[in-house]
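S.K.: Got a file for you: input07.txt, compact mmCIF, C-alpha atoms and all ligand atoms.
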# COMPACT_ATOMS: atom_id res chain seq x y z
CA MET A 921 -27.16 7.50 3.55
CA THR A 922 -28.56 8.22 6.97
CA PRO A 923 -26.36 7.15 9.83
CA GLU A 924 -28.06 4.97 12.36
CA VAL A 925 -28.26 6.60 15.75
CA ASP A 926 -27.12 4.18 18.38
CA GLY A 927 -29.86 4.54 20.96
CA GLY A 928 -28.32 2.13 23.43
CA GLN A 929 -25.23 4.22 24.04
CA ALA A 930 -24.86 6.91 26.64
CA ASP A 931 -24.64 10.68 26.01
CA SER A 932 -21.75 11.41 23.60
CA SER A 933 -22.18 8.23 21.54
CA THR A 934 -24.32 9.77 18.84
CA THR A 935 -21.84 12.49 17.93
CA ASN A 936 -18.76 10.36 18.44
CA SER A 937 -19.86 7.02 17.11
CA VAL A 938 -17.61 7.48 14.04
CA LEU A 939 -14.01 8.46 14.72
CA ARG A 940 -11.45 9.59 12.12
CA VAL A 941 -7.92 8.43 12.84
CA GLY A 942 -5.16 10.15 10.85
CA PRO A 943 -5.45 12.35 7.75
CA LEU A 944 -7.82 11.25 4.98
CA LYS A 945 -8.87 12.52 1.56
CA PRO A 946 -10.42 15.97 2.27
CA SER A 947 -13.75 15.16 0.58
CA LEU A 948 -14.00 11.96 2.64
CA GLU A 949 -13.26 13.89 5.83
CA GLU A 950 -15.99 16.36 4.90
CA THR A 951 -18.57 13.62 4.35
CA LEU A 952 -17.61 11.86 7.54
CA THR A 953 -18.02 15.07 9.49
CA ALA A 954 -21.17 16.35 7.77
CA THR A 955 -23.07 13.06 7.44
CA TYR A 956 -21.78 11.01 10.36
CA GLY A 957 -20.71 13.70 12.81
CA ALA A 958 -17.27 12.10 12.89
CA GLU A 959 -14.59 13.76 14.96
CA ARG A 960 -10.87 13.36 14.43
CA LEU A 961 -8.83 11.67 17.14
CA PRO A 962 -6.60 14.43 18.50
CA ASP A 963 -2.83 14.01 18.71
CA GLY A 964 -0.63 14.62 21.70
CA ALA A 965 -1.86 15.63 25.12
CA ALA A 966 -5.47 16.12 23.99
CA ARG A 967 -5.76 12.45 23.02
CA ALA A 968 -6.01 10.91 26.48
CA SER A 969 -8.77 13.24 27.66
CA PHE A 970 -10.65 12.85 24.39
CA LEU A 971 -10.53 9.07 24.74
CA SER A 972 -11.58 8.98 28.37
CA GLU A 973 -14.49 11.29 27.58
CA HIS A 974 -15.63 9.89 24.22
CA GLY A 975 -13.81 6.55 23.71
CA GLY A 976 -16.73 4.49 25.02
CA GLY A 977 -19.11 5.83 22.37
CA VAL A 978 -16.95 5.06 19.33
CA ARG A 979 -18.42 2.36 17.16
CA VAL A 980 -16.43 2.72 13.93
CA VAL A 981 -12.99 4.07 13.17
CA VAL A 982 -12.23 5.31 9.65
CA THR A 983 -8.51 5.43 8.92
CA SER A 984 -5.95 4.56 6.23
CA GLY A 985 -2.82 2.47 5.95
CA ARG A 986 -0.86 5.61 6.69
CA THR A 987 -2.08 5.65 10.29
CA GLY A 988 -4.10 2.57 11.27
CA VAL A 989 -5.21 1.47 14.73
CA ASP A 990 -2.81 -0.22 17.14
CA ALA A 991 -3.74 -2.58 19.99
CA GLU A 992 -3.46 0.18 22.58
CA LEU A 993 -6.04 2.35 20.81
CA MET A 994 -8.37 -0.65 20.32
CA ASP A 995 -8.27 -1.27 24.07
CA GLN A 996 -9.30 2.35 24.66
CA LEU A 997 -12.38 1.94 22.42
CA PRO A 998 -14.42 -0.77 24.18
CA GLY A 999 -17.46 -0.30 21.92
CA LEU A 1000 -15.50 -0.48 18.67
CA GLY A 1001 -17.11 -2.75 16.10
CA ALA A 1002 -15.19 -2.02 12.91
CA ILE A 1003 -12.03 -0.39 11.56
CA VAL A 1004 -12.70 0.86 8.05
CA HIS A 1005 -9.59 1.57 5.93
CA PHE A 1006 -9.36 3.88 2.94
CA GLY A 1007 -6.83 1.98 0.78
CA VAL A 1008 -5.88 -1.62 0.20
CA GLY A 1009 -3.08 -1.79 2.79
CA TYR A 1010 -3.83 -2.15 6.51
CA ASP A 1011 -0.41 -3.11 7.85
CA THR A 1012 -0.44 -0.25 10.39
CA THR A 1013 -3.48 -1.81 12.10
CA ASP A 1014 -2.95 -4.67 14.55
CA VAL A 1015 -5.18 -7.15 12.70
CA ASP A 1016 -4.32 -10.02 15.07
CA ARG A 1017 -5.57 -8.00 18.03
CA ALA A 1018 -8.69 -6.91 16.11
CA THR A 1019 -9.42 -10.56 15.29
CA GLU A 1020 -9.00 -11.56 18.95
CA LEU A 1021 -11.39 -8.83 20.02
CA GLY A 1022 -13.91 -9.59 17.26
CA ILE A 1023 -13.50 -6.15 15.71
CA GLY A 1024 -14.19 -6.12 11.97
CA VAL A 1025 -11.59 -4.71 9.55
CA SER A 1026 -12.21 -3.61 5.99
CA ASN A 1027 -10.09 -2.16 3.16
CA THR A 1028 -10.76 -1.05 -0.43
CA PRO A 1029 -9.47 -3.87 -2.65
CA ASP A 1030 -10.01 -4.23 -6.40
CA VAL A 1031 -10.88 -0.59 -7.13
CA LEU A 1032 -7.20 0.42 -7.07
CA THR A 1033 -5.71 -2.68 -8.70
CA ASP A 1034 -5.55 -1.16 -12.21
CA CYS A 1035 -3.84 2.06 -11.15
CA VAL A 1036 -1.28 0.33 -8.93
CA ALA A 1037 -0.50 -2.14 -11.73
CA ASP A 1038 -0.23 0.75 -14.23
CA THR A 1039 2.23 2.45 -11.89
CA ALA A 1040 4.32 -0.70 -11.58
CA VAL A 1041 4.54 -0.98 -15.37
CA GLY A 1042 5.40 2.73 -15.57
CA LEU A 1043 8.24 2.20 -13.12
CA VAL A 1044 9.52 -0.82 -15.06
CA LEU A 1045 9.58 1.27 -18.26
CA ASP A 1046 11.08 4.29 -16.54
CA THR A 1047 13.83 2.45 -14.68
CA MET A 1048 14.84 0.15 -17.54
CA ARG A 1049 14.63 2.83 -20.25
CA GLY A 1050 15.80 5.74 -18.12
CA PHE A 1051 13.06 8.19 -19.18
CA THR A 1052 13.15 10.35 -16.07
CA ALA A 1053 16.94 10.57 -16.14
CA ALA A 1054 16.82 11.43 -19.86
CA ASP A 1055 14.24 14.14 -19.14
CA ARG A 1056 16.64 15.65 -16.60
CA PHE A 1057 19.39 15.48 -19.25
CA VAL A 1058 17.28 17.42 -21.77
CA ARG A 1059 16.13 20.00 -19.23
CA ALA A 1060 19.70 20.61 -18.09
CA GLY A 1061 20.61 21.59 -21.67
CA ARG A 1062 23.04 18.68 -21.97
CA TRP A 1063 21.71 17.24 -25.27
CA PRO A 1064 23.34 19.78 -27.63
CA VAL A 1065 26.56 19.62 -25.63
CA GLU A 1066 26.96 15.93 -24.88
CA GLY A 1067 24.93 14.26 -27.63
CA ASN A 1068 23.34 10.95 -26.78
CA VAL A 1069 22.41 9.55 -23.43
CA PRO A 1070 23.80 6.10 -22.53
CA LEU A 1071 21.94 3.13 -23.99
CA THR A 1072 19.31 1.52 -21.79
CA ARG A 1073 17.70 -1.91 -21.46
CA LYS A 1074 14.88 -3.49 -23.48
CA VAL A 1075 11.58 -4.06 -21.66
CA SER A 1076 9.69 -6.11 -24.28
CA GLY A 1077 10.65 -9.74 -23.82
CA ALA A 1078 12.48 -9.13 -20.53
CA ALA A 1079 12.36 -11.66 -17.70
CA VAL A 1080 10.10 -10.30 -14.96
CA GLY A 1081 9.71 -11.60 -11.40
CA ILE A 1082 6.64 -10.73 -9.37
CA LEU A 1083 6.83 -11.08 -5.62
CA GLY A 1084 3.22 -11.50 -4.52
CA LEU A 1085 0.88 -12.77 -7.22
CA GLY A 1086 -2.33 -11.45 -5.62
CA ARG A 1087 -4.81 -9.18 -7.31
CA ILE A 1088 -2.27 -6.45 -7.98
CA GLY A 1089 0.56 -8.84 -8.88
CA SER A 1090 -1.71 -10.64 -11.35
CA ALA A 1091 -2.75 -7.36 -12.97
CA ILE A 1092 0.93 -6.45 -13.39
CA ALA A 1093 1.64 -9.87 -14.92
CA HIS A 1094 -1.31 -9.46 -17.30
CA ARG A 1095 0.06 -6.13 -18.55
CA LEU A 1096 3.65 -7.30 -18.94
CA ASN A 1097 2.47 -10.45 -20.67
CA ALA A 1098 1.34 -8.11 -23.46
CA PHE A 1099 4.94 -6.84 -23.64
CA GLY A 1100 6.09 -10.38 -24.36
CA CYS A 1101 7.82 -10.57 -20.99
CA ARG A 1102 8.69 -13.96 -19.50
CA ILE A 1103 6.97 -13.95 -16.13
CA ALA A 1104 7.79 -15.81 -12.93
CA TYR A 1105 6.53 -15.23 -9.39
CA HIS A 1106 6.95 -16.18 -5.79
CA ASN A 1107 4.15 -16.46 -3.22
CA ARG A 1108 4.07 -18.25 0.08
CA ARG A 1109 2.18 -20.94 -1.80
CA GLU A 1110 2.11 -21.78 -5.48
CA VAL A 1111 -1.00 -20.37 -7.18
CA ALA A 1112 -2.99 -23.27 -8.63
CA GLY A 1113 -3.54 -22.97 -12.36
CA SER A 1114 -1.24 -19.96 -12.78
CA PRO A 1115 0.30 -19.74 -16.26
CA TYR A 1116 3.47 -18.22 -14.77
CA ARG A 1117 6.58 -20.00 -13.53
CA TYR A 1118 6.71 -20.49 -9.77
CA ALA A 1119 9.97 -19.78 -7.92
CA GLU A 1120 10.49 -21.50 -4.56
CA SER A 1121 12.02 -18.46 -2.86
CA PRO A 1122 12.41 -14.70 -3.39
CA ALA A 1123 16.17 -15.22 -3.92
CA GLU A 1124 15.60 -17.87 -6.56
CA LEU A 1125 13.11 -15.58 -8.29
CA ALA A 1126 15.53 -12.64 -8.18
CA ALA A 1127 18.40 -14.70 -9.58
CA THR A 1128 16.51 -15.50 -12.80
CA VAL A 1129 14.92 -12.15 -13.75
CA ASP A 1130 15.88 -8.75 -15.19
CA VAL A 1131 13.41 -6.90 -13.00
CA LEU A 1132 11.90 -7.87 -9.65
CA ILE A 1133 8.54 -6.25 -8.87
CA VAL A 1134 7.37 -6.17 -5.27
CA ALA A 1135 3.57 -6.49 -5.00
CA ALA A 1136 3.29 -8.34 -1.67
CA ALA A 1137 1.21 -7.02 1.22
CA GLY A 1138 3.08 -5.20 4.01
CA GLY A 1139 3.12 -6.21 7.66
CA SER A 1140 5.28 -8.33 9.93
CA ALA A 1141 5.03 -11.45 7.73
CA THR A 1142 6.72 -9.75 4.78
CA ARG A 1143 9.13 -7.42 6.60
CA HIS A 1144 12.46 -7.41 4.71
CA LEU A 1145 11.33 -10.29 2.54
CA VAL A 1146 13.56 -8.59 -0.03
CA ASP A 1147 16.74 -8.70 2.04
CA ARG A 1148 20.39 -8.29 1.10
CA ASP A 1149 20.56 -11.86 -0.20
CA VAL A 1150 17.60 -11.31 -2.57
CA LEU A 1151 19.07 -8.02 -3.81
CA GLU A 1152 22.47 -9.61 -4.37
CA SER A 1153 20.73 -12.39 -6.31
CA LEU A 1154 19.13 -9.76 -8.54
CA GLY A 1155 22.64 -8.61 -9.35
CA PRO A 1156 24.33 -5.73 -11.18
CA ASN A 1157 22.06 -6.08 -14.24
CA GLY A 1158 18.86 -6.36 -12.22
CA PHE A 1159 16.25 -3.70 -11.46
CA LEU A 1160 13.96 -3.50 -8.44
CA VAL A 1161 10.45 -2.00 -8.56
CA ASN A 1162 8.40 -1.58 -5.37
CA VAL A 1163 4.72 -0.55 -5.37
CA ALA A 1164 3.83 -2.43 -2.18
CA ARG A 1165 5.28 -1.23 1.13
CA GLY A 1166 8.70 0.10 2.01
CA SER A 1167 8.90 -2.40 4.87
CA VAL A 1168 9.06 -5.34 2.45
CA VAL A 1169 12.52 -4.25 1.26
CA ASP A 1170 15.68 -3.86 3.37
CA GLU A 1171 16.12 -0.23 2.36
CA ALA A 1172 19.60 0.16 3.86
CA ALA A 1173 20.86 -2.83 1.87
CA LEU A 1174 19.15 -1.49 -1.26
CA VAL A 1175 20.88 1.89 -0.91
CA GLU A 1176 24.23 0.26 -0.25
CA LEU A 1177 24.05 -2.11 -3.24
CA LEU A 1178 22.86 0.65 -5.59
CA ALA A 1179 25.71 2.89 -4.43
CA ALA A 1180 28.19 0.08 -5.05
CA GLY A 1181 26.87 -0.55 -8.58
CA ARG A 1182 25.69 -4.00 -7.57
CA LEU A 1183 22.15 -3.32 -8.79
CA ALA A 1184 21.24 -1.71 -12.14
CA GLY A 1185 18.52 0.56 -10.77
CA ALA A 1186 15.31 0.89 -8.82
CA GLY A 1187 11.82 2.35 -9.20
CA LEU A 1188 10.20 3.07 -5.84
CA ASP A 1189 6.72 4.32 -4.98
CA VAL A 1190 7.08 3.37 -1.31
CA PHE A 1191 9.75 3.81 1.37
CA ALA A 1192 10.58 2.59 4.84
CA ARG A 1193 9.92 5.94 6.59
CA GLU A 1194 7.58 7.96 4.37
CA PRO A 1195 7.74 10.79 3.58
CA GLN A 1196 11.48 10.51 4.26
CA VAL A 1197 13.54 9.30 1.30
CA PRO A 1198 17.17 8.31 1.94
CA ALA A 1199 19.43 11.19 0.85
CA GLU A 1200 21.71 8.82 -1.08
CA LEU A 1201 18.81 7.83 -3.38
CA ILE A 1202 18.10 11.46 -4.25
CA GLU A 1203 21.59 11.71 -5.76
CA MET A 1204 21.27 8.59 -7.96
CA ASP A 1205 20.37 8.93 -11.63
CA ASN A 1206 19.38 5.27 -12.04
CA VAL A 1207 16.63 5.49 -9.44
CA VAL A 1208 13.06 6.72 -10.00
CA LEU A 1209 11.40 8.08 -6.87
CA LEU A 1210 7.63 8.54 -6.53
CA PRO A 1211 5.76 9.90 -3.47
CA HIS A 1212 3.45 6.89 -2.88
CA LEU A 1213 1.12 7.89 -5.72
CA ALA A 1214 0.23 4.50 -7.23
CA SER A 1215 -3.53 4.73 -6.63
CA GLY A 1216 -3.60 8.51 -7.01
CA THR A 1217 -5.93 9.15 -9.93
CA VAL A 1218 -9.21 11.06 -9.80
CA GLU A 1219 -11.14 7.95 -10.85
CA THR A 1220 -9.55 5.49 -8.45
CA ARG A 1221 -9.51 7.74 -5.40
CA ALA A 1222 -13.23 8.47 -5.96
CA ALA A 1223 -13.92 4.73 -6.15
CA MET A 1224 -11.87 4.15 -2.97
CA GLU A 1225 -13.82 6.88 -1.19
CA ALA A 1226 -17.15 5.40 -2.28
CA LEU A 1227 -16.15 1.93 -1.11
CA THR A 1228 -14.92 3.30 2.23
CA LEU A 1229 -18.30 4.97 2.80
CA GLU A 1230 -20.14 1.84 1.67
CA ASN A 1231 -18.30 -0.21 4.29
CA LEU A 1232 -19.05 2.36 6.97
CA ASP A 1233 -22.68 2.78 6.07
CA THR A 1234 -23.30 -0.97 5.74
CA PHE A 1235 -21.69 -1.66 9.10
CA LEU A 1236 -23.81 0.99 10.84
CA ARG A 1237 -26.99 -0.37 9.25
CA THR A 1238 -26.37 -4.13 9.35
CA GLY A 1239 -23.23 -4.92 11.36
CA ASP A 1240 -21.55 -6.34 8.25
CA LEU A 1241 -18.74 -5.02 6.09
CA VAL A 1242 -18.81 -5.01 2.27
CA THR A 1243 -15.12 -5.84 1.75
CA PRO A 1244 -13.99 -7.35 5.05
CA VAL A 1245 -10.45 -8.40 5.85
CA VAL A 1246 -11.83 -9.57 9.19
CA SER A 1247 -15.60 -9.97 9.69
CA PRO A 1248 -16.98 -8.44 12.87
CA ALA A 1249 -17.90 -10.97 15.56
CA PRO A 1250 -21.64 -11.17 16.43
CA ALA A 1251 -21.11 -9.40 19.77
CA ARG A 1252 -19.51 -6.44 17.96
CA ARG A 1253 -22.27 -6.02 15.40
CA ARG A 1254 -25.08 -4.93 17.69
C1 LIG B 1301 -1.93 2.46 -0.65
O1 LIG B 1301 -0.77 2.29 -0.36
C2 LIG B 1301 -2.97 1.57 -0.18
O2 LIG B 1301 -2.71 0.77 0.72
O3 LIG B 1301 -4.08 1.67 -0.70
C1 LIG B 1302 -4.10 -6.62 -3.34
O1 LIG B 1302 -5.28 -6.35 -3.42
C2 LIG B 1302 -3.54 -7.89 -3.73
O2 LIG B 1302 -4.22 -8.89 -3.54
O3 LIG B 1302 -2.41 -7.91 -4.25
Take the structure in this file and express it as structure tokens.
Ligand code: GLV
Ligand code: GLV
M.R.:
Amino acid sequence: MTPEVDGGQADSSTTNSVLRVGPLKPSLEETLTATYGAERLPDGAARASFLSEHGGGVRVVVTSGRTGVDAELMDQLPGLGAIVHFGVGYDTTDVDRATELGIGVSNTPDVLTDCVADTAVGLVLDTMRGFTAADRFVRAGRWPVEGNVPLTRKVSGAAVGILGLGRIGSAIAHRLNAFGCRIAYHNRREVAGSPYRYAESPAELAATVDVLIVAAAGGSATRHLVDRDVLESLGPNGFLVNVARGSVVDEAALVELLAAGRLAGAGLDVFAREPQVPAELIEMDNVVLLPHLASGTVETRAAMEALTLENLDTFLRTGDLVTPVVSPAPARRR
């Protein structure tokens, strides 16, 4: 993988043609620096001078859903051709603005589908069966003193609702199908040929299931799609699992309804203001809290890294992306 040197650009372009925005996997950062001479966009006061000095030479940004590229930064990078994301989510990048400007956007789909779906199933099992709470019970020495833990809820055969039957949602459905679960889903549009029951709205879906699993993409279109009404429809015997984005769920309403006993429990890998987790949730025994680890296995993170570099390298060589969300416009390919 030899990076193409952009001969048409002035002075600093060769060293700064790849820019890192936000923290990335350390081995990816190392490769970007060693192979592509990528620098990291500084924070704070150093940012403005860095951009006025080097912004014109930046051809590709490598970032993740944690940070992304907003419209303001795009406008400061007039030579930008592509925004390459490590991860499947890109809701922190202004994709509408990128599309307007002809800037390509890529992510790393497919390679993390299995691990995110595995995590969703793990959270269904853990929340409904109370494994993590029972582990705390044993560790606290309560078993010999108090005897049994309270009974939990059966997963096999349960009614499951999937909000967002995309690649990840379908992989979750496939797994829970093997548990004999009855599966329904809601998407903006019904999925043609799907074997699962379609619900017209998130609230209708929530009203008919034991556990609602959020697998919809983040971003403004899905913000608070799971609102108070949906959570109330899920009801005091219903569980919520979220492996998508914290923004999809009205977190304040979730906390309030859990505290009031108007939801049975929740399993959350994502939060509204990561890494902040609402203090009330920390105190609840019927809630499983994970630090956004769904894709975090050695195998999957290596595959995500490889696909990130493949997108970068392909764009620099050909002007195309391997897994585009938005294809670069001809004028941006050079
Ligand atoms: C993780 O949240 C991702 O978007 O890949
Ligand atoms: C993510 O890749 C999805 O389509 O759900």
S.K.: List all protein, DNA and RNA residues that have an atom no more than 9 Å from any atom of ligand LIG 1301 (chain B), counting only C-alpha atoms and all ligand atoms, and report them as a ChimeraX atom specification.
M.R.: /A:984-986,1005-1011,1027-1029,1032,1036,1137-1138,1163-1165,1190,1212-1216,1224
S.K.: Report as CSV: every residue of chain A with an atom at most 7 Å from ligand LIG 1302 (chain B), its closest pair of atoms, and their distance in Å to one decimal, counting only C-alpha atoms and all ligand atoms, with rows sorted by chain and ascending residue number.
M.R.:
residue,atom,partner,partner_atom,distance
A:Val1008,CA,B:LIG1302,O1,6.0
A:Pro1029,CA,B:LIG1302,O1,4.9
A:Asp1030,CA,B:LIG1302,O1,6.0
A:Thr1033,CA,B:LIG1302,O1,6.4
A:Gly1084,CA,B:LIG1302,O3,6.7
A:Leu1085,CA,B:LIG1302,O3,6.6
A:Gly1086,CA,B:LIG1302,O3,3.8
A:Arg1087,CA,B:LIG1302,O2,3.8
A:Ile1088,CA,B:LIG1302,O3,4.0
A:Gly1089,CA,B:LIG1302,O3,5.6
A:Ala1135,CA,B:LIG1302,O3,6.2
A:Ala1136,CA,B:LIG1302,O3,6.3
A:Ala1137,CA,B:LIG1302,O3,6.6
S.K.: Excluding region 1041-1054 of chain A and any residue of its chain fewer than 5 positions from it, enumerate the residues within 8 Å of it, using only C-alpha atoms, and give them as a count of residues only.
M.R.: 19
S.K.: One decimal, in Å: what's the spacing between CA of Tyr956 (chain A) and CA of Ser937 (chain A)?
M.R.: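 It comes out at 8.1 Å.
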S.K.: Would you mind listing what lies within 9 Å of Glu1171 (chain A) as a list in words, with only C-alpha atoms counted and same-chain residues fewer than 5 positions away left out?
M.R.: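 Those residues are His1144, Asp1147, Gly1166, Glu1176, Phe1191, Ala1192 and Pro1198 of chain A.
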S.K.: In the coordinates of the file, take the point (-16.2, 4.8, 9.1) and a cut-off of 7 Å; then, counting all atoms listed in the file, name each qualifying protein, DNA or RNA residue as a compact mmCIF listing (two decimals) with C-alpha atoms, in the frame of the given file.
M.R.:
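The file below, selection.txt, is the result:
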# COMPACT_ATOMS: atom_id res chain seq x y z
CA VAL A 938 -17.61 7.48 14.04
CA VAL A 980 -16.43 2.72 13.93
CA VAL A 981 -12.99 4.07 13.17
CA VAL A 982 -12.23 5.31 9.65
CA VAL A 1004 -12.70 0.86 8.05
CA LEU A 1229 -18.30 4.97 2.80
CA LEU A 1232 -19.05 2.36 6.97
S.K.: Find the residues around Asp1016 (chain A) up to 9 Å (only C-alpha atoms counted), leave out those fewer than 4 positions away in its own chain, and share them as a list in words.
M.R.: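 That gives Ala991, Glu1020 and Leu1021 of chain A.
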S.K.: For those residues, write C-alpha atoms to a file as a PDB file, in the coordinates of the input.
M.R.:
ATOM      1  CA  ALA A 991      -3.740  -2.580  19.990  1.00  0.00           C
ATOM      2  CA  GLU A1020      -9.000 -11.560  18.950  1.00  0.00           C
ATOM      3  CA  LEU A1021     -11.390  -8.830  20.020  1.00  0.00           C
TER       4      LEU A1021
END
S.K.: Rounded to one decimal, what separation in Å do you get between CA of Leu961 (chain A) and CA of Gly942 (chain A)?
M.R.: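 Rounded to one decimal, the two atoms are 7.4 Å apart.
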S.K.: Ranking A:Gly1239, A:Gly1155, A:Pro1122, A:Pro1195 by minimum distance to Val1168 (chain A) and counting only C-alpha atoms, which one comes first?
M.R.: A:Pro1122
S.K.: Which is closest to Cys1035 (chain A) among A:Thr1243, A:Thr1217, A:Gln996, A:Asn1231, if we use all atoms listed in the file?
M.R.: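 Closest to Cys1035 (chain A), using all atoms listed in the file: A:Thr1217.
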S.K.: So, with all atoms listed in the file as the atoms that count, which of A:Thr987, A:Thr1142, A:Ser1026, A:Thr951 lies closest to Glu1194 (chain A)?
M.R.: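 The answer is A:Thr987, which sits nearest to Glu1194 (chain A).
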S.K.: In Å, how far is it from CA of Ser1090 (chain A) to CA of Ala1123 (chain A)?
M.R.: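 If I compute the distance from CA of Ser1090 (chain A) to CA of Ala1123 (chain A), I get 19.9 Å.
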S.K.: Kindly compute an axis-aligned box around the listed atoms of region 1241-1245 of chain A, allowing 6 Å on each side, and express its centre and edge lengths in Å to one decimal as lines of an AutoDock Vina configuration file.
M.R.:
center_x = -14.6
center_y = -6.7
center_z = 3.9
size_x = 20.4
size_y = 15.4
size_z = 16.3
S.K.: Given the choices A:Ala1037, A:Gly999, A:Glu1066, A:Arg1182, which gets closest to Glu1152 (chain A) if the distance is worked out from all atoms listed in the file?
M.R.: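 Of the candidates, the smallest distance to Glu1152 (chain A) is held by A:Arg1182.
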S.K.: Which neighbours of Asp1240 (chain A) fall inside 12 Å, counting all atoms listed in the file, when residues of the same chain fewer than 6 positions from it are skipped, and could you give them as JSON, numbers by chain?
M.R.: {"A": [980, 1001, 1002, 1003, 1004, 1023, 1024, 1025, 1026, 1230, 1231, 1232, 1233, 1234, 1246, 1247, 1248, 1249, 1250, 1251, 1252, 1253, 1254]}
S.K.: A:Ala1018, A:Thr1012, A:Glu1203, A:Pro1156: which is nearest Ala1180 (chain A), counting all atoms listed in the file?
M.R.: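 Selected residue with least distance to Ala1180 (chain A): A:Pro1156.
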S.K.: Taking 3 positions as the minimum chain separation for residues in the same chain, which residues sit within 7 Å of Cys1101 (chain A) when counting all atoms listed in the file? Answer as a list in words.
M.R.: Ser1076, Gly1077, Ala1078, Ala1079, Val1080, Leu1096 and Asn1097 of chain A
